[in-house]
file protein18.txt (compact mmCIF, C-alpha atoms and all ligand atoms)
# COMPACT_ATOMS: atom_id res chain seq x y z
CA MET A 2 125.59 92.16 67.15
CA ASN A 3 123.26 93.52 64.49
CA GLN A 4 120.52 95.73 65.92
CA ILE A 5 117.18 95.14 64.20
CA TYR A 6 115.08 97.67 66.07
CA GLU A 7 115.16 100.19 68.89
CA GLY A 8 111.95 100.94 70.74
CA LYS A 9 111.29 103.29 73.62
CA ALA A 10 112.17 100.76 76.32
CA LYS A 11 113.99 97.94 74.51
CA LYS A 12 116.47 97.17 71.76
CA VAL A 13 116.24 94.04 69.61
CA PHE A 14 119.27 92.28 68.09
CA GLU A 15 119.72 89.46 65.60
CA THR A 16 121.15 86.14 66.82
CA ASP A 17 122.82 83.29 64.92
CA ASP A 18 119.44 81.56 64.84
CA PRO A 19 116.97 83.24 62.41
CA GLY A 20 114.08 82.14 64.62
CA LEU A 21 115.41 83.90 67.72
CA VAL A 22 116.23 87.50 68.69
CA LEU A 23 117.89 89.06 71.71
CA VAL A 24 115.89 91.70 73.58
CA SER A 25 117.84 94.21 75.66
CA TYR A 26 115.83 96.20 78.22
CA LYS A 27 116.74 99.86 78.77
CA ASP A 28 116.37 102.12 81.81
CA ASP A 29 114.80 104.77 79.53
CA ALA A 30 111.22 105.64 80.31
CA THR A 31 108.69 107.53 78.24
CA ALA A 32 105.04 108.43 78.66
CA PHE A 33 102.32 110.15 76.66
CA ASP A 34 103.50 108.83 73.27
CA GLY A 35 107.12 109.51 74.07
CA THR A 36 106.64 113.22 74.83
CA LYS A 37 107.67 112.77 78.48
CA LYS A 38 111.14 111.28 78.77
CA GLY A 39 113.27 110.12 81.67
CA VAL A 40 115.42 107.38 83.11
CA ILE A 41 114.37 104.98 85.85
CA ARG A 42 117.57 103.50 87.27
CA GLY A 43 117.46 99.71 87.41
CA LYS A 44 114.22 99.50 85.39
CA GLY A 45 115.76 97.46 82.57
CA SER A 46 116.82 94.75 84.98
CA VAL A 47 113.52 94.73 86.92
CA ASN A 48 111.41 94.55 83.76
CA ASN A 49 113.56 91.88 82.14
CA ARG A 50 113.67 89.61 85.18
CA MET A 51 110.06 90.15 86.22
CA SER A 52 108.73 89.64 82.72
CA ASN A 53 110.70 86.41 82.32
CA PHE A 54 109.50 85.14 85.69
CA LEU A 55 105.86 85.85 84.75
CA MET A 56 106.18 84.37 81.25
CA LYS A 57 107.54 81.15 82.80
CA LEU A 58 104.63 81.13 85.27
CA LEU A 59 102.21 81.50 82.34
CA GLU A 60 103.97 78.78 80.31
CA ASP A 61 103.55 76.42 83.30
CA GLN A 62 99.81 77.08 83.05
CA GLY A 63 99.58 76.41 79.32
CA VAL A 64 100.06 79.89 77.81
CA THR A 65 102.57 79.93 74.94
CA THR A 66 104.98 82.87 75.15
CA HIS A 67 108.02 84.17 73.28
CA PHE A 68 110.34 83.49 76.24
CA VAL A 69 113.36 81.28 75.52
CA GLU A 70 116.30 82.09 77.82
CA GLU A 71 117.46 84.85 80.15
CA VAL A 72 121.01 85.77 79.16
CA ASN A 73 121.73 88.28 81.96
CA ASP A 74 119.93 90.86 84.10
CA THR A 75 118.85 93.00 81.15
CA ASP A 76 118.99 90.67 78.12
CA THR A 77 116.80 87.77 77.03
CA ILE A 78 116.56 85.49 74.01
CA VAL A 79 113.01 85.31 72.68
CA LYS A 80 111.29 83.77 69.67
CA LYS A 81 111.18 86.11 66.71
CA VAL A 82 107.60 87.10 65.93
CA GLU A 83 105.72 89.54 63.80
CA ILE A 84 104.03 91.79 66.36
CA VAL A 85 100.26 92.23 65.94
CA PRO A 86 99.92 96.04 66.14
CA LEU A 87 97.33 95.96 68.92
CA GLU A 88 97.69 96.89 72.57
CA VAL A 89 95.53 94.36 74.36
CA ILE A 90 94.27 95.81 77.63
CA VAL A 91 92.49 94.03 80.46
CA ARG A 92 91.16 95.93 83.49
CA ASN A 93 89.94 94.70 86.87
CA VAL A 94 89.59 98.11 88.54
CA SER A 95 88.94 101.58 87.07
CA ALA A 96 92.10 103.67 86.57
CA GLY A 97 94.00 105.68 83.97
CA SER A 98 92.30 106.26 80.62
CA PHE A 99 89.20 104.28 81.65
CA ALA A 100 88.54 106.67 84.54
CA LYS A 101 89.34 109.69 82.35
CA ASN A 102 87.37 108.64 79.24
CA TYR A 103 84.23 107.61 81.10
CA GLY A 104 84.33 110.24 83.85
CA VAL A 105 84.56 107.92 86.85
CA LYS A 106 86.92 107.82 89.81
CA GLU A 107 89.84 105.39 90.02
CA GLY A 108 89.40 102.33 92.23
CA ILE A 109 85.98 100.99 91.20
CA VAL A 110 86.30 97.19 91.33
CA PHE A 111 84.60 95.62 88.30
CA GLU A 112 82.40 92.56 88.67
CA ARG A 113 83.94 91.22 85.44
CA PRO A 114 87.19 92.29 83.77
CA THR A 115 86.98 94.64 80.78
CA PHE A 116 88.77 93.94 77.53
CA GLU A 117 89.82 96.46 74.90
CA TYR A 118 92.22 97.09 72.03
CA SER A 119 94.26 100.13 71.11
CA TYR A 120 95.77 100.43 67.66
CA LYS A 121 99.54 100.50 68.29
CA ASN A 122 100.46 103.69 66.46
CA ASP A 123 102.15 106.58 68.30
CA ASP A 124 101.42 109.08 65.50
CA LEU A 125 97.70 108.44 66.00
CA HIS A 126 98.16 108.30 69.83
CA ASP A 127 97.26 104.59 70.09
CA PRO A 128 93.51 105.09 69.52
CA LEU A 129 90.98 102.78 71.14
CA ILE A 130 89.52 100.45 68.46
CA ASN A 131 87.15 97.52 68.45
CA ALA A 132 87.51 94.08 66.88
CA SER A 133 85.59 95.02 63.71
CA HIS A 134 87.93 98.00 63.20
CA ALA A 135 90.95 95.74 63.68
CA LEU A 136 89.48 93.35 61.08
CA ALA A 137 88.69 96.20 58.66
CA LEU A 138 92.26 97.50 59.01
CA GLY A 139 93.60 93.99 58.35
CA LEU A 140 95.53 93.99 61.63
CA ALA A 141 94.49 90.42 62.52
CA SER A 142 92.04 87.73 61.43
CA GLU A 143 88.82 86.93 63.27
CA GLU A 144 90.30 83.69 64.54
CA GLU A 145 93.43 85.49 65.75
CA LEU A 146 91.33 88.07 67.60
CA GLU A 147 89.38 85.27 69.31
CA THR A 148 92.64 83.62 70.40
CA ILE A 149 94.02 86.94 71.63
CA GLU A 150 90.92 87.75 73.70
CA SER A 151 90.55 84.34 75.33
CA THR A 152 94.30 84.14 76.05
CA ALA A 153 94.37 87.64 77.56
CA LEU A 154 91.48 86.81 79.89
CA LYS A 155 93.15 83.55 80.93
CA ILE A 156 96.37 85.49 81.61
CA ASN A 157 94.37 87.90 83.77
CA ASP A 158 93.03 85.02 85.89
CA ILE A 159 96.52 83.60 86.40
CA LEU A 160 98.25 86.92 87.10
CA LYS A 161 95.51 88.30 89.38
CA ASP A 162 95.85 85.26 91.65
CA PHE A 163 99.63 85.35 91.55
CA PHE A 164 99.87 89.05 92.44
CA LYS A 165 97.29 88.63 95.20
CA SER A 166 99.70 86.15 96.81
CA CYS A 167 102.34 88.94 96.66
CA GLY A 168 100.05 91.43 98.45
CA VAL A 169 99.43 93.34 95.23
CA ASP A 170 96.18 94.11 93.38
CA LEU A 171 96.49 93.78 89.60
CA ILE A 172 94.46 96.82 88.49
CA ASP A 173 95.01 96.61 84.71
CA PHE A 174 97.65 95.69 82.17
CA LYS A 175 98.62 95.78 78.51
CA LEU A 176 99.75 92.77 76.47
CA GLU A 177 101.11 92.38 72.96
CA PHE A 178 100.87 89.25 70.87
CA GLY A 179 103.00 88.07 67.95
CA ARG A 180 102.80 85.63 65.03
CA LEU A 181 105.33 82.84 64.57
CA PRO A 182 106.26 82.02 60.93
CA ASP A 183 103.69 79.18 61.00
CA GLY A 184 100.97 81.66 62.01
CA THR A 185 100.65 80.62 65.65
CA ILE A 186 99.73 83.52 67.94
CA ILE A 187 101.88 83.72 71.08
CA LEU A 188 102.33 86.19 73.95
CA ALA A 189 105.21 88.61 73.25
CA ASP A 190 106.60 91.93 74.55
CA GLU A 191 106.77 92.25 78.36
CA ILE A 192 104.78 92.12 81.59
CA SER A 193 106.27 94.60 84.04
CA PRO A 194 105.59 97.73 86.10
CA ASP A 195 105.81 99.61 82.76
CA THR A 196 102.84 97.71 81.36
CA CYS A 197 100.70 96.95 84.42
CA ARG A 198 99.13 98.91 87.26
CA PHE A 199 99.98 97.43 90.64
CA TRP A 200 98.46 98.75 93.87
CA ASP A 201 99.51 97.50 97.30
CA SER A 202 96.57 95.38 98.53
CA LYS A 203 96.63 96.92 102.03
CA THR A 204 97.64 100.55 101.53
CA GLY A 205 96.64 101.13 97.89
CA GLU A 206 100.11 102.57 97.23
CA LYS A 207 100.96 102.68 93.51
CA LEU A 208 103.90 100.40 92.65
CA ASP A 209 104.18 100.95 88.87
CA LYS A 210 104.97 103.42 86.10
CA ASP A 211 102.16 105.77 87.13
CA ARG A 212 104.69 107.11 89.69
CA PHE A 213 106.75 108.31 86.67
CA ARG A 214 103.79 109.35 84.51
CA ARG A 215 102.32 111.42 87.36
CA ASP A 216 105.60 112.69 88.93
CA MET A 217 104.81 110.99 92.23
CA GLY A 218 108.43 110.34 93.28
CA ASP A 219 110.00 107.11 94.58
CA VAL A 220 109.81 105.60 91.11
CA GLU A 221 112.94 103.41 91.39
CA GLU A 222 111.86 102.30 94.87
CA ALA A 223 108.46 101.16 93.53
CA TYR A 224 110.09 99.03 90.80
CA GLN A 225 112.46 97.47 93.37
CA GLU A 226 109.57 96.83 95.77
CA MET A 227 107.65 95.00 93.02
CA MET A 228 110.74 92.92 92.34
CA ARG A 229 110.93 91.90 96.03
CA ARG A 230 107.23 91.03 96.05
CA VAL A 231 107.41 88.89 92.91
CA PHE A 232 110.58 87.07 93.92
CA GLY A 233 109.19 86.48 97.42
CA GLU A 234 111.81 88.43 99.31
CA ASP A 235 109.33 90.19 101.59
P1 LIG A 301 95.55 103.34 80.29
O1 LIG A 301 94.65 103.36 81.49
O2 LIG A 301 96.45 104.54 80.22
O3 LIG A 301 94.82 103.06 79.04
O4 LIG A 301 96.55 102.09 80.52
C1 LIG A 301 96.05 100.79 80.67
C2 LIG A 301 97.21 99.85 80.99
O5 LIG A 301 98.09 99.77 79.88
C3 LIG A 301 98.07 100.28 82.17
O6 LIG A 301 98.38 99.14 82.95
C4 LIG A 301 99.32 100.84 81.57
C5 LIG A 301 99.42 100.10 80.26
N1 LIG A 301 99.97 100.94 79.18
C6 LIG A 301 101.05 100.50 78.46
O7 LIG A 301 101.61 99.44 78.75
N2 LIG A 301 101.51 101.28 77.44
C7 LIG A 301 100.93 102.44 77.09
O8 LIG A 301 101.40 103.10 76.16
C8 LIG A 301 99.79 102.89 77.84
C9 LIG A 301 99.10 104.18 77.50
C10 LIG A 301 99.33 102.09 78.86
N1 LIG A 302 105.06 103.86 76.80
C1 LIG A 302 104.13 104.82 76.35
C2 LIG A 302 104.84 106.01 75.70
O1 LIG A 302 105.73 106.49 75.63
C3 LIG A 302 103.20 105.41 77.31
C4 LIG A 302 102.99 104.94 78.69
O2 LIG A 302 103.39 103.88 79.10
O3 LIG A 302 102.32 105.70 79.41
O4 LIG A 302 104.60 106.81 75.27
call {"tool": "encode", "arguments": {"input": "protein18.txt", "output": "structure tokens"}}
result
Amino acid sequence: MNQIYEGKAKKVFETDDPGLVLVSYKDDATAFDGTKKGVIRGKGSVNNRMSNFLMKLLEDQGVTTHFVEEVNDTDTIVKKVEIVPLEVIVRNVSAGSFAKNYGVKEGIVFERPTFEYSYKNDDLHDPLINASHALALGLASEEELETIESTALKINDILKDFFKSCGVDLIDFKLEFGRLPDGTIILADEISPDTCRFWDSKTGEKLDKDRFRRDMGDVEEAYQEMMRRVFGED
């Protein structure tokens, strides 16, 4: 198969259908713009299967996604899109860069979710930007940005409720959107412990990639635990 692209956590291959690509999830993990590198055994499978499960859940609630068909534990056919180079971040509780940038502790529950963009560009360290910057840079149109924001907030409502039923608090997450050839904006990339913060609702234990970023140990175990929670095996 012809490889089109290799990212930090996934490879993308051509398929016989020009409108579809195959995404292959890797166990490789990076943090801090790829400067910290490692392997999380079983991560590719967890992220692939969890992301597909969540995309199907979102589709059932009217959110259009790139998901087409899971081929095996690590590989999925998705619609080919042109990725909008924005990291779309929604937060329900203070953590990570929010806590650091604004000098507050982690764990403050927000009355309303926050919404922000980063410009997806490792060389520039994914800088925080606002909608007018995104427009000025020609990254997306005003209408596209409106669609992205309202869809991301709807996704937050759906996912927050779902994870609550799994005994997990959805602290924050990052989404990426893509354009179909006809210009429609759809949800792309992945939703997984790599791209979300998950804290156990009772104990507050971290069940996501922060365990890797912060050298907390039990990284593989956290990914497997999230898998059991999502697939209702607990
Ligand atoms: P942050 O607090 O570091 O800005 O991260 C916010 C959310 O975005 C968190 O759930 C982790 C996720 N994230 C990514 O998916 N990719 C990234 O490169 C970064 C920095 C964060
Ligand atoms: N995936 C990002 C990177 O390598 C960072 C992160 O998730 O923390 O650099």
call {"tool": "atom_distance", "arguments": {"input": "protein18.txt", "atom1": "CA of Thr36 (chain A)", "atom2": "atom C2 of ligand LIG 302 (chain A)"}}
result
7.5 Å
call {"tool": "axis_aligned_box", "arguments": {"input": "protein18.txt", "around": "ligand LIG 301 (chain A)", "padding_each_side": "5 Å", "output": "lines of an AutoDock Vina configuration file"}}
result
center_x = 98.1
center_y = 101.8
center_z = 79.6
size_x = 17.0
size_y = 15.4
size_z = 16.8
call {"tool": "residues_near_point", "arguments": {"input": "protein18.txt", "point": "(107.9, 89.4, 82.9)", "cutoff": "6 Å", "atoms": "all atoms listed in the file", "output": "MDAnalysis selection string"}}
result
chainID A and resid 51:56 191:193
call {"tool": "write_last_selection", "arguments": {"input": "protein18.txt", "atoms": "C-alpha atoms", "output": "short mmCIF file (atom, residue, chain, number, x, y, z; two decimals), keeping the file's coordinate frame"}}
result
data_model
loop_
_atom_site.label_atom_id
_atom_site.label_comp_id
_atom_site.auth_asym_id
_atom_site.auth_seq_id
_atom_site.Cartn_x
_atom_site.Cartn_y
_atom_site.Cartn_z
CA MET A 51 110.06 90.15 86.22
CA SER A 52 108.73 89.64 82.72
CA ASN A 53 110.70 86.41 82.32
CA PHE A 54 109.50 85.14 85.69
CA LEU A 55 105.86 85.85 84.75
CA MET A 56 106.18 84.37 81.25
CA GLU A 191 106.77 92.25 78.36
CA ILE A 192 104.78 92.12 81.59
CA SER A 193 106.27 94.60 84.04
#
call {"tool": "residues_near_ligand", "arguments": {"input": "protein18.txt", "ligand": "ligand LIG 301 (chain A)", "cutoff": "7 Å", "atoms": "only C-alpha atoms and all ligand atoms", "output": "list in words"}}
result
Ala32, Phe33, Asp34, Ile90, Ala96, Gly97, Ser98, Phe99, Asp173, Phe174, Lys175, Asp195, Thr196, Cys197 and Arg198 of chain A
call {"tool": "closest_residue", "arguments": {"input": "protein18.txt", "among": "A:Ile109, A:Ile84, A:Ala30, A:Val40", "to": "ligand LIG 302 (chain A)", "atoms": "all atoms listed in the file"}}
result
A:Ala30
call {"tool": "atom_distance", "arguments": {"input": "protein18.txt", "atom1": "CA of Arg180 (chain A)", "atom2": "CA of Glu83 (chain A)"}}
result
5.0 Å
call {"tool": "atom_distance", "arguments": {"input": "protein18.txt", "atom1": "CA of Tyr120 (chain A)", "atom2": "CA of Phe164 (chain A)"}}
result
27.6 Å
call {"tool": "closest_residue", "arguments": {"input": "protein18.txt", "among": "A:Thr31, A:Ser25, A:Thr148, A:Ser119", "to": "Asp74 (chain A)", "atoms": "all atoms listed in the file"}}
result
A:Ser25
call {"tool": "closest_residue", "arguments": {"input": "protein18.txt", "among": "A:Gly35, A:Gly168, A:Gly20, A:Gly205", "to": "ligand LIG 302 (chain A)", "atoms": "all atoms listed in the file"}}
result
A:Gly35
call {"tool": "residues_around", "arguments": {"input": "protein18.txt", "residues": "Val24 (chain A)", "least_positions_apart": "2", "cutoff": "8 Å", "atoms": "only C-alpha atoms", "output": "number ranges by chain"}}
result
A: 11-14, 22, 26, 76-79
